[in-house]
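The next block is target-v7.txt, given as compact mmCIF, C-alpha atoms.
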```txt
# COMPACT_ATOMS: atom_id res chain seq x y z
CA MET Q 281 -18.97 -4.43 8.44
CA GLU Q 282 -20.49 -7.87 8.01
CA PRO Q 283 -18.90 -10.09 5.34
CA LYS Q 284 -20.98 -10.08 2.16
CA GLU Q 285 -19.81 -12.26 -0.68
CA SER Q 286 -22.31 -10.60 -3.04
CA GLN Q 287 -20.95 -7.09 -2.56
CA HIS Q 288 -19.47 -5.17 -5.47
CA PHE Q 289 -15.99 -6.15 -6.67
CA TYR Q 290 -13.79 -3.11 -7.34
CA PHE Q 291 -11.13 -2.96 -10.04
CA GLY Q 292 -8.61 -0.14 -10.02
CA ALA Q 293 -5.11 0.99 -9.16
CA ALA Q 294 -3.25 2.81 -6.41
CA THR Q 295 -0.89 5.74 -5.85
CA ALA Q 296 0.72 7.46 -2.85
CA ALA Q 297 1.08 11.20 -2.36
CA HIS Q 298 4.85 11.55 -1.86
CA GLN Q 299 5.50 9.22 -4.78
CA VAL Q 300 3.40 11.05 -7.36
CA GLU Q 301 2.42 14.54 -6.20
CA GLY Q 302 5.85 16.14 -5.86
CA ASN Q 303 7.19 19.07 -3.82
CA ASN Q 304 6.56 17.52 -0.42
CA ILE Q 305 8.95 20.05 1.05
CA HIS Q 306 7.79 19.92 4.67
CA SER Q 307 8.23 16.16 5.06
CA ASP Q 308 10.93 14.06 6.68
CA TRP Q 309 11.43 12.31 3.34
CA TRP Q 310 12.17 15.56 1.54
CA LYS Q 311 14.80 16.42 4.16
CA PHE Q 312 16.23 12.89 3.93
CA GLU Q 313 16.49 13.17 0.16
CA GLN Q 314 18.40 16.45 0.33
CA GLU Q 315 20.81 15.12 2.94
CA VAL Q 316 21.29 11.51 1.83
CA GLN Q 317 19.74 10.64 -1.51
CA VAL Q 318 21.15 13.67 -3.32
CA LYS Q 319 24.40 11.70 -3.59
CA LYS Q 320 22.58 9.08 -5.70
CA ASN Q 321 20.38 11.66 -7.44
CA PHE Q 322 17.34 9.91 -5.93
CA LEU Q 323 15.26 13.06 -5.41
CA SER Q 324 11.48 13.16 -5.64
CA GLY Q 325 11.25 16.73 -6.95
CA LYS Q 326 7.95 17.19 -8.78
CA ALA Q 327 7.49 13.40 -8.94
CA THR Q 328 4.90 12.75 -11.68
CA ASN Q 329 3.31 16.17 -11.17
CA HIS Q 330 0.12 14.40 -10.13
CA TYR Q 331 -0.69 17.29 -7.78
CA GLU Q 332 -1.52 19.31 -10.91
CA LEU Q 333 -2.46 16.47 -13.29
CA PHE Q 334 -4.68 14.35 -11.02
CA ASP Q 335 -7.81 14.91 -13.11
CA HIS Q 336 -5.97 13.82 -16.26
CA ASP Q 337 -4.72 10.68 -14.51
CA PHE Q 338 -8.18 9.82 -13.19
CA ALA Q 339 -9.64 10.31 -16.66
CA LEU Q 340 -7.14 7.76 -17.99
CA ALA Q 341 -8.12 5.34 -15.20
CA GLU Q 342 -11.77 5.73 -16.14
CA LYS Q 343 -11.03 5.04 -19.81
CA LEU Q 344 -9.19 1.88 -18.75
CA GLY Q 345 -12.29 0.56 -17.03
CA HIS Q 346 -11.34 1.27 -13.41
CA ASP Q 347 -14.09 1.98 -10.90
CA ALA Q 348 -11.89 2.47 -7.81
CA HIS Q 349 -8.69 4.26 -6.89
CA ARG Q 350 -6.51 4.19 -3.81
CA PHE Q 351 -4.64 7.41 -3.04
CA SER Q 352 -3.11 9.05 0.01
CA ILE Q 353 -3.57 12.42 1.63
CA GLU Q 354 -0.24 14.02 2.54
CA TRP Q 355 -0.06 14.96 6.22
CA ALA Q 356 3.06 17.10 5.69
CA LYS Q 357 1.18 19.29 3.21
CA ILE Q 358 -1.99 19.46 5.30
CA GLU Q 359 -0.11 20.39 8.50
CA PRO Q 360 3.34 21.72 7.50
CA GLU Q 361 3.69 23.39 10.90
CA GLU Q 362 2.42 21.98 14.16
CA GLY Q 363 -1.25 22.83 14.59
CA LYS Q 364 -1.47 24.91 11.39
CA PHE Q 365 -3.77 23.22 8.89
CA GLN Q 366 -3.58 24.59 5.36
CA GLN Q 367 -7.00 25.41 3.93
CA ASP Q 368 -5.68 25.65 0.37
CA VAL Q 369 -4.36 22.08 0.59
CA LEU Q 370 -7.62 20.84 2.08
CA ASP Q 371 -9.38 22.56 -0.83
CA HIS Q 372 -7.04 20.78 -3.22
CA TYR Q 373 -7.95 17.36 -1.83
CA ARG Q 374 -11.63 18.28 -2.03
CA GLU Q 375 -11.06 18.77 -5.77
CA VAL Q 376 -9.36 15.36 -5.86
CA PHE Q 377 -12.44 13.76 -4.32
CA LYS Q 378 -14.68 15.61 -6.80
CA SER Q 379 -12.53 14.39 -9.68
CA LEU Q 380 -12.66 10.79 -8.47
CA LYS Q 381 -16.45 10.99 -8.27
CA LYS Q 382 -16.70 12.59 -11.70
CA HIS Q 383 -14.72 9.74 -13.22
CA GLY Q 384 -16.66 7.02 -11.41
CA LEU Q 385 -13.79 5.99 -9.12
CA LYS Q 386 -14.59 4.84 -5.59
CA PRO Q 387 -11.98 6.45 -3.30
CA PHE Q 388 -9.91 4.31 -0.97
CA THR Q 389 -8.22 6.97 1.14
CA THR Q 390 -4.89 6.36 2.88
CA LEU Q 391 -4.17 8.75 5.75
CA TRP Q 392 -0.47 7.91 6.14
CA HIS Q 393 1.81 6.39 3.50
CA PHE Q 394 5.33 6.54 5.03
CA SER Q 395 6.20 10.27 4.81
CA LEU Q 396 5.78 12.38 7.96
CA PRO Q 397 5.74 16.12 8.65
CA GLU Q 398 9.27 17.19 9.50
CA TRP Q 399 8.10 18.83 12.74
CA PHE Q 400 6.51 15.55 13.84
CA ALA Q 401 9.67 13.62 13.02
CA LYS Q 402 11.74 16.11 15.06
CA LYS Q 403 9.51 15.40 18.04
CA GLY Q 404 10.51 11.74 17.78
CA GLY Q 405 7.76 10.58 15.43
CA PHE Q 406 5.99 7.41 16.48
CA GLU Q 407 8.78 6.49 18.89
CA LYS Q 408 7.05 8.55 21.59
CA ARG Q 409 3.62 7.48 22.77
CA ASP Q 410 2.61 11.07 23.53
CA ASN Q 411 3.06 11.92 19.84
CA ILE Q 412 0.15 9.68 18.87
CA PHE Q 413 -2.04 12.63 19.87
CA TYR Q 414 -0.82 14.62 16.85
CA TYR Q 415 -1.53 11.82 14.39
CA VAL Q 416 -5.01 11.26 15.79
CA ARG Q 417 -5.69 15.01 15.61
CA TYR Q 418 -4.66 15.10 11.95
CA CYS Q 419 -6.76 12.04 11.07
CA LYS Q 420 -9.79 13.44 12.89
CA LYS Q 421 -9.39 16.72 11.00
CA ILE Q 422 -9.42 14.87 7.68
CA ALA Q 423 -12.44 12.84 8.76
CA GLU Q 424 -14.38 15.94 9.77
CA VAL Q 425 -13.56 17.82 6.58
CA PHE Q 426 -14.24 14.90 4.23
CA LYS Q 427 -16.81 12.88 6.17
CA ASP Q 428 -19.20 12.96 3.20
CA GLU Q 429 -16.53 12.10 0.60
CA MET Q 430 -14.80 9.18 2.33
CA GLU Q 431 -16.04 5.65 2.89
CA TYR Q 432 -13.07 3.26 2.82
CA ILE Q 433 -10.19 4.57 4.95
CA ILE Q 434 -6.71 3.08 5.34
CA THR Q 435 -5.01 4.45 8.45
CA LEU Q 436 -1.51 3.03 7.90
CA ASN Q 437 0.36 1.66 4.91
CA GLU Q 438 2.62 -1.37 5.37
CA PRO Q 439 3.58 -0.80 9.02
CA MET Q 440 6.05 -3.71 9.11
CA VAL Q 441 7.83 -2.50 5.97
CA TYR Q 442 8.14 0.97 7.48
CA LEU Q 443 9.41 -0.47 10.76
CA TYR Q 444 12.01 -2.65 9.06
CA TYR Q 445 13.50 -0.01 6.76
CA ALA Q 446 13.32 2.90 9.24
CA TYR Q 447 14.27 1.17 12.50
CA LEU Q 448 16.16 -2.05 11.71
CA ALA Q 449 17.84 -1.65 8.31
CA GLY Q 450 18.32 2.10 8.76
CA LYS Q 451 17.69 2.83 5.07
CA TRP Q 452 14.71 5.17 5.53
CA PRO Q 453 14.29 8.13 7.86
CA PRO Q 454 15.02 8.32 10.71
CA GLN Q 455 17.74 5.80 9.70
CA LYS Q 456 17.98 3.95 12.99
CA LYS Q 457 19.19 0.44 13.66
CA SER Q 458 17.59 -0.14 17.02
CA PHE Q 459 15.49 -3.12 18.06
CA VAL Q 460 14.26 -1.14 21.08
CA SER Q 461 12.98 1.64 18.81
CA PHE Q 462 11.49 -0.96 16.49
CA VAL Q 463 9.44 -2.44 19.33
CA LYS Q 464 8.37 0.99 20.61
CA VAL Q 465 7.16 2.14 17.20
CA LEU Q 466 5.43 -1.19 16.56
CA SER Q 467 3.44 -0.81 19.77
CA ASN Q 468 2.70 2.86 19.12
CA LEU Q 469 1.50 2.27 15.56
CA MET Q 470 -0.93 -0.36 16.83
CA ARG Q 471 -2.17 2.07 19.45
CA ALA Q 472 -2.35 4.88 16.87
CA HIS Q 473 -4.54 2.80 14.58
CA ARG Q 474 -6.87 1.80 17.41
CA GLU Q 475 -7.26 5.41 18.58
CA VAL Q 476 -7.84 6.69 15.05
CA TYR Q 477 -10.40 3.95 14.47
CA LYS Q 478 -12.39 4.93 17.56
CA ASN Q 479 -12.17 8.67 16.87
CA LEU Q 480 -13.18 8.36 13.23
CA LYS Q 481 -16.14 6.14 14.06
CA GLN Q 482 -17.39 8.99 16.26
CA VAL Q 483 -17.20 11.32 13.27
CA ASN Q 484 -18.99 8.90 10.95
CA PRO Q 485 -19.94 5.42 12.14
CA ASP Q 486 -20.38 4.34 8.51
CA PHE Q 487 -16.68 4.73 7.76
CA LYS Q 488 -15.05 1.40 6.82
CA ILE Q 489 -11.56 1.46 8.33
CA GLY Q 490 -8.57 -0.85 7.96
CA VAL Q 491 -4.85 -0.96 7.17
CA ALA Q 492 -2.85 -1.94 4.09
CA LYS Q 493 -0.68 -4.85 5.22
CA ASN Q 494 2.28 -6.18 3.22
CA ASN Q 495 2.30 -9.97 3.65
CA PRO Q 496 4.83 -12.17 1.85
CA ALA Q 497 4.07 -15.77 0.90
CA PHE Q 498 6.52 -17.83 2.97
CA SER Q 499 7.48 -21.38 1.92
CA PRO Q 500 9.94 -23.92 3.38
CA ASP Q 501 12.91 -24.52 1.09
CA ARG Q 502 12.98 -28.20 2.14
CA ARG Q 503 9.46 -29.57 2.49
CA GLY Q 504 10.47 -32.32 4.89
CA ASN Q 505 12.66 -30.17 7.14
CA ILE Q 506 11.09 -29.30 10.50
CA PHE Q 507 13.43 -26.34 11.03
CA ASP Q 508 12.45 -24.77 7.71
CA TRP Q 509 8.77 -25.19 8.64
CA PHE Q 510 9.39 -23.65 12.06
CA LEU Q 511 11.07 -20.67 10.41
CA VAL Q 512 8.11 -20.25 8.03
CA HIS Q 513 5.56 -20.32 10.87
CA LEU Q 514 7.63 -17.95 12.99
CA LEU Q 515 7.92 -15.39 10.21
CA LYS Q 516 4.27 -15.74 9.25
CA TYR Q 517 3.35 -14.81 12.79
CA LEU Q 518 5.91 -12.04 13.33
CA TRP Q 519 5.56 -10.36 9.92
CA ASN Q 520 2.10 -11.30 8.65
CA HIS Q 521 -0.03 -11.58 11.79
CA LEU Q 522 1.48 -9.79 14.80
CA PHE Q 523 0.34 -6.32 13.78
CA LEU Q 524 -3.10 -7.45 12.59
CA ASP Q 525 -3.61 -9.38 15.83
CA GLY Q 526 -2.87 -6.18 17.74
CA ILE Q 527 -5.66 -4.27 15.97
CA SER Q 528 -8.08 -7.14 15.33
CA LYS Q 529 -11.00 -5.50 17.16
CA CYS Q 530 -10.54 -2.22 15.28
CA GLN Q 531 -10.67 -3.12 11.61
CA ASP Q 532 -13.63 -3.40 9.25
CA PHE Q 533 -11.62 -4.82 6.37
CA ILE Q 534 -8.03 -5.84 5.64
CA GLY Q 535 -6.03 -4.49 2.71
CA LEU Q 536 -3.43 -6.94 1.40
CA ASN Q 537 -0.33 -5.64 -0.35
CA TYR Q 538 1.25 -8.63 -2.08
CA TYR Q 539 4.66 -8.61 -3.80
CA PHE Q 540 6.94 -11.26 -2.30
CA HIS Q 541 7.48 -15.01 -2.16
CA ARG Q 542 10.08 -15.99 0.41
CA ASN Q 543 11.62 -19.47 0.31
CA MET Q 544 13.05 -20.09 3.78
CA ARG Q 545 15.94 -22.38 4.78
CA PHE Q 546 17.21 -22.68 8.33
CA ASP Q 547 21.00 -22.84 8.41
CA ILE Q 548 22.84 -21.98 11.61
CA LYS Q 549 25.93 -21.14 9.53
CA MET Q 550 23.95 -18.48 7.63
CA ILE Q 551 21.94 -17.07 10.52
CA ASP Q 552 21.31 -13.75 8.74
CA GLN Q 553 20.47 -15.21 5.30
CA PHE Q 554 17.40 -17.40 5.74
CA PHE Q 555 15.83 -16.36 2.43
CA ILE Q 556 16.85 -18.62 -0.46
CA HIS Q 557 16.05 -17.90 -4.09
CA PRO Q 558 13.91 -20.90 -5.09
CA CYS Q 559 15.23 -21.36 -8.61
CA ASN Q 560 17.53 -19.86 -11.19
CA SER Q 561 14.95 -20.06 -13.98
CA CYS Q 562 12.16 -18.09 -12.26
CA ASP Q 563 11.02 -14.83 -13.80
CA VAL Q 564 12.09 -11.86 -11.69
CA THR Q 565 11.08 -8.22 -11.75
CA ASP Q 566 13.42 -5.33 -12.42
CA MET Q 567 13.98 -5.21 -8.64
CA GLY Q 568 15.00 -8.87 -8.53
CA TRP Q 569 11.74 -10.04 -6.91
CA GLU Q 570 10.43 -13.44 -7.90
CA VAL Q 571 7.24 -13.41 -9.98
CA TYR Q 572 4.94 -15.67 -7.96
CA PRO Q 573 1.26 -14.86 -8.64
CA ARG Q 574 -0.18 -17.94 -6.93
CA GLY Q 575 1.09 -16.77 -3.55
CA VAL Q 576 -1.86 -14.38 -3.30
CA ALA Q 577 -4.33 -17.27 -2.97
CA GLY Q 578 -2.78 -18.75 0.16
CA LEU Q 579 -2.45 -15.33 1.78
CA LEU Q 580 -6.12 -14.50 1.17
CA ARG Q 581 -7.24 -17.88 2.58
CA ASP Q 582 -5.00 -17.37 5.60
CA LEU Q 583 -6.32 -13.86 6.35
CA TRP Q 584 -9.94 -14.92 5.90
CA LYS Q 585 -9.58 -17.96 8.16
CA ARG Q 586 -7.78 -16.02 10.91
CA TYR Q 587 -9.77 -12.76 10.94
CA HIS Q 588 -12.97 -13.35 8.94
CA LYS Q 589 -12.90 -9.77 7.68
CA PRO Q 590 -13.63 -8.62 4.12
CA LEU Q 591 -10.41 -8.46 2.07
CA ILE Q 592 -9.18 -6.26 -0.75
CA ILE Q 593 -5.89 -6.23 -2.63
CA THR Q 594 -4.69 -2.70 -1.92
CA GLU Q 595 -1.40 -3.15 -3.82
CA ASN Q 596 0.03 -5.74 -6.19
CA GLY Q 597 2.29 -5.38 -9.17
CA VAL Q 598 5.72 -5.78 -10.75
CA ALA Q 599 8.59 -3.44 -11.58
CA ASP Q 600 8.81 -4.07 -15.32
CA HIS Q 601 10.11 -1.25 -17.51
CA LYS Q 602 9.81 -3.37 -20.68
CA ASP Q 603 6.21 -4.31 -19.79
CA ARG Q 604 6.87 -7.94 -20.68
CA LEU Q 605 5.62 -9.50 -17.41
CA ARG Q 606 2.89 -7.19 -16.12
CA GLY Q 607 -0.08 -8.18 -18.27
CA ASP Q 608 0.26 -11.94 -17.74
CA TYR Q 609 1.00 -11.38 -14.07
CA ILE Q 610 -2.22 -9.41 -13.54
CA GLU Q 611 -4.17 -12.10 -15.40
CA SER Q 612 -2.74 -14.86 -13.21
CA VAL Q 613 -3.23 -12.97 -9.94
CA LEU Q 614 -6.87 -12.23 -10.80
CA GLU Q 615 -7.43 -15.88 -11.65
CA HIS Q 616 -6.17 -16.90 -8.21
CA ILE Q 617 -8.23 -14.19 -6.49
CA PHE Q 618 -11.46 -15.30 -8.14
CA ASN Q 619 -10.70 -18.95 -7.43
CA VAL Q 620 -10.53 -18.26 -3.68
CA LYS Q 621 -13.57 -16.00 -3.97
CA LYS Q 622 -15.48 -19.03 -5.32
CA GLU Q 623 -14.42 -20.90 -2.17
CA GLY Q 624 -16.26 -18.33 -0.06
CA VAL Q 625 -13.36 -16.04 0.83
CA ASP Q 626 -14.79 -12.51 0.90
CA VAL Q 627 -12.53 -10.56 -1.48
CA PHE Q 628 -14.11 -7.38 -2.76
CA GLY Q 629 -11.48 -5.68 -4.93
CA TYR Q 630 -8.13 -5.53 -6.69
CA LEU Q 631 -6.10 -2.28 -6.80
CA HIS Q 632 -2.99 -2.60 -8.94
CA TRP Q 633 0.28 -0.92 -7.97
CA SER Q 634 0.46 1.39 -9.55
CA LEU Q 635 -1.61 3.60 -11.83
CA THR Q 636 1.48 5.45 -13.07
CA ASP Q 637 5.22 5.11 -12.68
CA ASN Q 638 6.37 6.88 -9.54
CA PHE Q 639 9.14 7.73 -7.09
CA GLU Q 640 10.05 4.43 -5.43
CA TRP Q 641 11.47 5.78 -2.18
CA ALA Q 642 15.16 4.87 -1.71
CA ASP Q 643 15.23 3.33 -5.21
CA GLY Q 644 14.34 6.58 -6.95
CA TYR Q 645 12.74 6.60 -10.38
CA ASP Q 646 14.39 3.52 -11.89
CA PRO Q 647 11.69 0.96 -10.92
CA ARG Q 648 8.70 1.19 -13.27
CA PHE Q 649 5.51 -0.13 -11.68
CA GLY Q 650 2.97 1.86 -13.66
CA LEU Q 651 0.15 0.78 -15.93
CA ILE Q 652 0.89 4.20 -17.40
CA GLU Q 653 4.43 5.21 -18.30
CA ILE Q 654 5.66 8.62 -17.15
CA HIS Q 655 8.11 10.56 -19.32
CA TYR Q 656 9.76 12.54 -16.55
CA GLY Q 657 11.21 15.22 -18.80
CA ASN Q 658 7.79 16.59 -19.74
CA PHE Q 659 5.32 14.51 -17.66
CA VAL Q 660 3.69 13.04 -20.75
CA ARG Q 661 1.67 9.90 -20.00
CA THR Q 662 1.74 6.80 -22.22
CA VAL Q 663 -0.63 3.91 -21.53
CA ARG Q 664 1.25 0.60 -21.54
CA PRO Q 665 -0.08 -2.53 -23.35
CA SER Q 666 -0.53 -4.25 -19.96
CA ALA Q 667 -3.05 -1.56 -18.99
CA TYR Q 668 -5.19 -2.47 -22.00
CA LYS Q 669 -4.94 -6.15 -21.10
CA TYR Q 670 -6.08 -5.30 -17.57
CA GLU Q 671 -8.98 -3.37 -19.12
CA LYS Q 672 -10.07 -6.46 -21.09
CA LEU Q 673 -9.80 -8.62 -17.97
CA ILE Q 674 -11.97 -6.15 -16.05
CA LYS Q 675 -14.66 -6.29 -18.74
CA SER Q 676 -14.57 -10.08 -18.76
CA TYR Q 677 -14.82 -10.47 -14.99
CA ARG Q 678 -17.54 -7.82 -14.74
CA LYS Q 679 -19.60 -9.70 -17.31
CA THR Q 680 -19.15 -12.94 -15.36
CA LEU Q 681 -20.11 -11.25 -12.09
CA THR Q 682 -23.16 -9.63 -13.71
CA ASP Q 683 -24.32 -12.91 -15.24
CA LYS Q 684 -24.14 -14.58 -11.82
CA SER Q 685 -26.07 -11.85 -10.01
```

Spit out the file's structure as structure tokens when you get a sec.
Amino acid sequence: MEPKESQHFYFGAATAAHQVEGNNIHSDWWKFEQEVQVKKNFLSGKATNHYELFDHDFALAEKLGHDAHRFSIEWAKIEPEEGKFQQDVLDHYREVFKSLKKHGLKPFTTLWHFSLPEWFAKKGGFEKRDNIFYYVRYCKKIAEVFKDEMEYIITLNEPMVYLYYAYLAGKWPPQKKSFVSFVKVLSNLMRAHREVYKNLKQVNPDFKIGVAKNNPAFSPDRRGNIFDWFLVHLLKYLWNHLFLDGISKCQDFIGLNYYFHRNMRFDIKMIDQFFIHPCNSCDVTDMGWEVYPRGVAGLLRDLWKRYHKPLIITENGVADHKDRLRGDYIESVLEHIFNVKKEGVDVFGYLHWSLTDNFEWADGYDPRFGLIEIHYGNFVRTVRPSAYKYEKLIKSYRKTLTDKS
């Protein structure tokens, strides 16, 4: 896909299947929740019941001015047993695509968003190179079934985040703390993306295929310290660029997930605590993350300069149950995005995380990221004030873009 600065700019939001659909009973995450998270009562259960209420949620997105939506198809529901694809689930996702079209939402389809079929996990998951075959087979099946519905496809969500929590920190399934496994899975995920890319292009060469990559904005804690700068450049390469470099010839666009600013200080006495909170007066989210909207600008410039591929924000948001930060944060992030767009950086969309509150993995239901609040007792939806502010911003930017065209 050739870069085109004049192409349409999409405004929307994002969700992920395990986090909103519920009852993902054949997945490794469901098993993990029953065995580990039950102690903390962090169980996904029916999640937001989006599996039944997807049309209602998409109707709300349409009313809020969205014209795009990122969602994921759940592999564990499609193929709950090895080689047995469920036609009723495929039919369900066909209805999802129809609903998105009805409500004027361009689908950005994620094929894998962290949760795996339990049978695949038992085979060793992505630790074994031979298992890539099963992932490619699943992706090709989805491409063949929905080749007329899909255009933008995201093969993998946040591979480095998955690798860190599953294979270094041991907080996500399969709960390993093994650098050897980390390296194996890193290599295999790169290979998996490349193979899926080539196979899907055979199904439909017009597919636009990429990944959603979580890149933090790294800064040196001491501007004049060479060791802090070295640490910043090292982490930028290892976390932000290593994976993208490995798939650079097999991506039509890059999805940026932006949440974090990391202030780095090299201190040999604190070898495992390089990240320093930059100030005590900074706004932080409910998860303790610094609110740093301007970081998105540098990341977009960096990705454009290094890869020269069209860019889209595939996730960005704040955990903010009081909804006191979200509206201003979105406004500031969009301002930075459109400033770099004026510089010639090809950014073609912003998808907020998330459309609704959801199940935040090992943190359960406490973090509230949604433009729309979920009342989990009865699944009633309440649109937050920040969602209406986002709607006004969308109208304003659309008018500006129309006037320029």

Quiz item: From the list Q:His346, Q:Lys672, Q:Lys488, Q:Arg574, which residue is nearest His632 in chain Q when using all atoms listed in the file?
Solution: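 Among the listed residues, the smallest separation from His632 in chain Q belongs to Q:His346.
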
Quiz item: Which one is closest to Phe540 in chain Q: Q:Tyr432, Q:Pro500, Q:Phe487, Q:Gly597? Count all atoms listed in the file.
Solution: Q:Gly597

Exercise. Would you please work out which residue, of Q:Glu475, Q:Glu315, Q:Glu332, Q:Glu342, is nearest to Glu375 in chain Q when using all atoms listed in the file?
Key: Q:Glu332

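Relative to CA of Asn520 in chain Q, CA of Asn495 in chain Q is found at 5.2 Å.
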
Practice problem: Quick one: everything within 7 Å of Phe388 in chain Q, counting all atoms listed in the file, minus sequence neighbours fewer than 4 positions away in the same chain. Send it as a PyMOL selection string. | Solution: chain Q and resi 349-351+432-433

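Using all atoms listed in the file, the nearest neighbour of Pro360 in chain Q within the list Q:Val483, Q:Leu396, Q:Leu515, Q:Ala296 is Q:Leu396.
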
For range 290-311 of chain Q against range 636-650 of chain Q, with a cut-off of 9 Å and counting all atoms listed in the file, what is the closest atom pair and its distance in Å to one decimal for every residue that makes the cut, ordered by chain and number, as a Markdown table?
```
| residue | atom | partner | partner_atom | distance |
| --- | --- | --- | --- | --- |
| Q:Ala293 | CA | Q:Thr636 | CA | 8.9 |
| Q:Ala294 | CA | Q:Thr636 | CA | 8.6 |
| Q:Thr295 | CA | Q:Thr636 | CA | 7.6 |
| Q:Ala296 | CA | Q:Asn638 | CA | 8.8 |
| Q:His298 | CA | Q:Phe639 | CA | 7.8 |
| Q:Gln299 | CA | Q:Phe639 | CA | 4.6 |
| Q:Val300 | CA | Q:Asn638 | CA | 5.6 |
| Q:Trp309 | CA | Q:Trp641 | CA | 8.6 |
```

Quiz item: To one decimal place, how far is CA of Cys419 in chain Q from CA of Gly405 in chain Q in Å?
Solution: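 Distance between the two atoms: 15.2 Å.
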
Self-check item: Minimum-distance residue to Gln367 in chain Q, chosen among Q:Leu385, Q:Val425, Q:Glu611, Q:Tyr445 (using only C-alpha atoms)
Solution: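 Selected residue with least distance to Gln367 in chain Q: Q:Val425.
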
Quiz item: Could you pull the residues within 9 Å of Ile617 in chain Q, counting all atoms listed in the file, minus those fewer than 6 positions along the same chain, as a PyMOL selection string?
Solution: chain Q and resi 574+576-577+580+627+630

Quiz item: Using only C-alpha atoms, which residues sit within 10 Å of Arg374 in chain Q once same-chain residues fewer than 4 positions away are excluded, as a VMD selection string?
Solution: chain Q and resid 368 to 370 378 to 380 425 to 426 429

Quiz item: Quick one, how far is CA of Ala327 in chain Q from CA of Gly302 in chain Q?
Solution: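 Separation of CA of Ala327 in chain Q and CA of Gly302 in chain Q: 4.4 Å.
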
Practice problem: Around the point (9.0, -12.2, 2.1) in the file's coordinates, collect all residues with an atom within 6 Å, using only C-alpha atoms, and return them as a list of chain:residue names. | Solution: Q:Pro496, Q:Phe540, Q:His541, Q:Arg542

Quiz item: range 564-571 of chain Q: which residues within 6 Å, counting only C-alpha atoms, same-chain residues fewer than 2 positions away excluded, as a list in words?
Solution: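 Final neighbour list, sorted by chain and number: Val598, Ala599 and Asp600 of chain Q.
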
Next, dump the selected residues to file, keeping only C-alpha atoms, as a short mmCIF file (atom, residue, chain, number, x, y, z; two decimals), keeping the file's coordinate frame.
```cif
data_model
loop_
_atom_site.label_atom_id
_atom_site.label_comp_id
_atom_site.auth_asym_id
_atom_site.auth_seq_id
_atom_site.Cartn_x
_atom_site.Cartn_y
_atom_site.Cartn_z
CA VAL Q 598 5.72 -5.78 -10.75
CA ALA Q 599 8.59 -3.44 -11.58
CA ASP Q 600 8.81 -4.07 -15.32
#
```

Practice problem: Point out the residue among Q:Tyr538, Q:Trp633, Q:Tyr447, Q:Phe291 with the least atom-to-atom distance to Tyr677 in chain Q, counting all atoms listed in the file. | Solution: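 Using all atoms listed in the file, Tyr677 in chain Q sits closest to Q:Phe291.
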
Self-check item: Within-12 Å shell of (-7.9, -6.6, 1.8) in input frame, all atoms listed in the file, as an NGL selection string
Solution: :Q and (289-290 or 388 or 432-434 or 488-495 or 524 or 531-538 or 576 or 579-584 or 587-596 or 617 or 625-631)

Quick one: write out the picked residues with C-alpha atoms as a compact mmCIF listing (two decimals), in the coordinates of the input?
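File produced: result31.txt:
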```txt
# COMPACT_ATOMS: atom_id res chain seq x y z
CA PHE Q 289 -15.99 -6.15 -6.67
CA TYR Q 290 -13.79 -3.11 -7.34
CA PHE Q 388 -9.91 4.31 -0.97
CA TYR Q 432 -13.07 3.26 2.82
CA ILE Q 433 -10.19 4.57 4.95
CA ILE Q 434 -6.71 3.08 5.34
CA LYS Q 488 -15.05 1.40 6.82
CA ILE Q 489 -11.56 1.46 8.33
CA GLY Q 490 -8.57 -0.85 7.96
CA VAL Q 491 -4.85 -0.96 7.17
CA ALA Q 492 -2.85 -1.94 4.09
CA LYS Q 493 -0.68 -4.85 5.22
CA ASN Q 494 2.28 -6.18 3.22
CA ASN Q 495 2.30 -9.97 3.65
CA LEU Q 524 -3.10 -7.45 12.59
CA GLN Q 531 -10.67 -3.12 11.61
CA ASP Q 532 -13.63 -3.40 9.25
CA PHE Q 533 -11.62 -4.82 6.37
CA ILE Q 534 -8.03 -5.84 5.64
CA GLY Q 535 -6.03 -4.49 2.71
CA LEU Q 536 -3.43 -6.94 1.40
CA ASN Q 537 -0.33 -5.64 -0.35
CA TYR Q 538 1.25 -8.63 -2.08
CA VAL Q 576 -1.86 -14.38 -3.30
CA LEU Q 579 -2.45 -15.33 1.78
CA LEU Q 580 -6.12 -14.50 1.17
CA ARG Q 581 -7.24 -17.88 2.58
CA ASP Q 582 -5.00 -17.37 5.60
CA LEU Q 583 -6.32 -13.86 6.35
CA TRP Q 584 -9.94 -14.92 5.90
CA TYR Q 587 -9.77 -12.76 10.94
CA HIS Q 588 -12.97 -13.35 8.94
CA LYS Q 589 -12.90 -9.77 7.68
CA PRO Q 590 -13.63 -8.62 4.12
CA LEU Q 591 -10.41 -8.46 2.07
CA ILE Q 592 -9.18 -6.26 -0.75
CA ILE Q 593 -5.89 -6.23 -2.63
CA THR Q 594 -4.69 -2.70 -1.92
CA GLU Q 595 -1.40 -3.15 -3.82
CA ASN Q 596 0.03 -5.74 -6.19
CA ILE Q 617 -8.23 -14.19 -6.49
CA VAL Q 625 -13.36 -16.04 0.83
CA ASP Q 626 -14.79 -12.51 0.90
CA VAL Q 627 -12.53 -10.56 -1.48
CA PHE Q 628 -14.11 -7.38 -2.76
CA GLY Q 629 -11.48 -5.68 -4.93
CA TYR Q 630 -8.13 -5.53 -6.69
CA LEU Q 631 -6.10 -2.28 -6.80
```

Quiz item: Got a sec: who's within 12 Å of range 451-463 of chain Q, counting only C-alpha atoms, leaving out chain neighbours fewer than 5 positions off, as a PyMOL selection string?
Solution: chain Q and resi 307-317+394-398+400-409+439-446+468-470+518+522-523+640-643
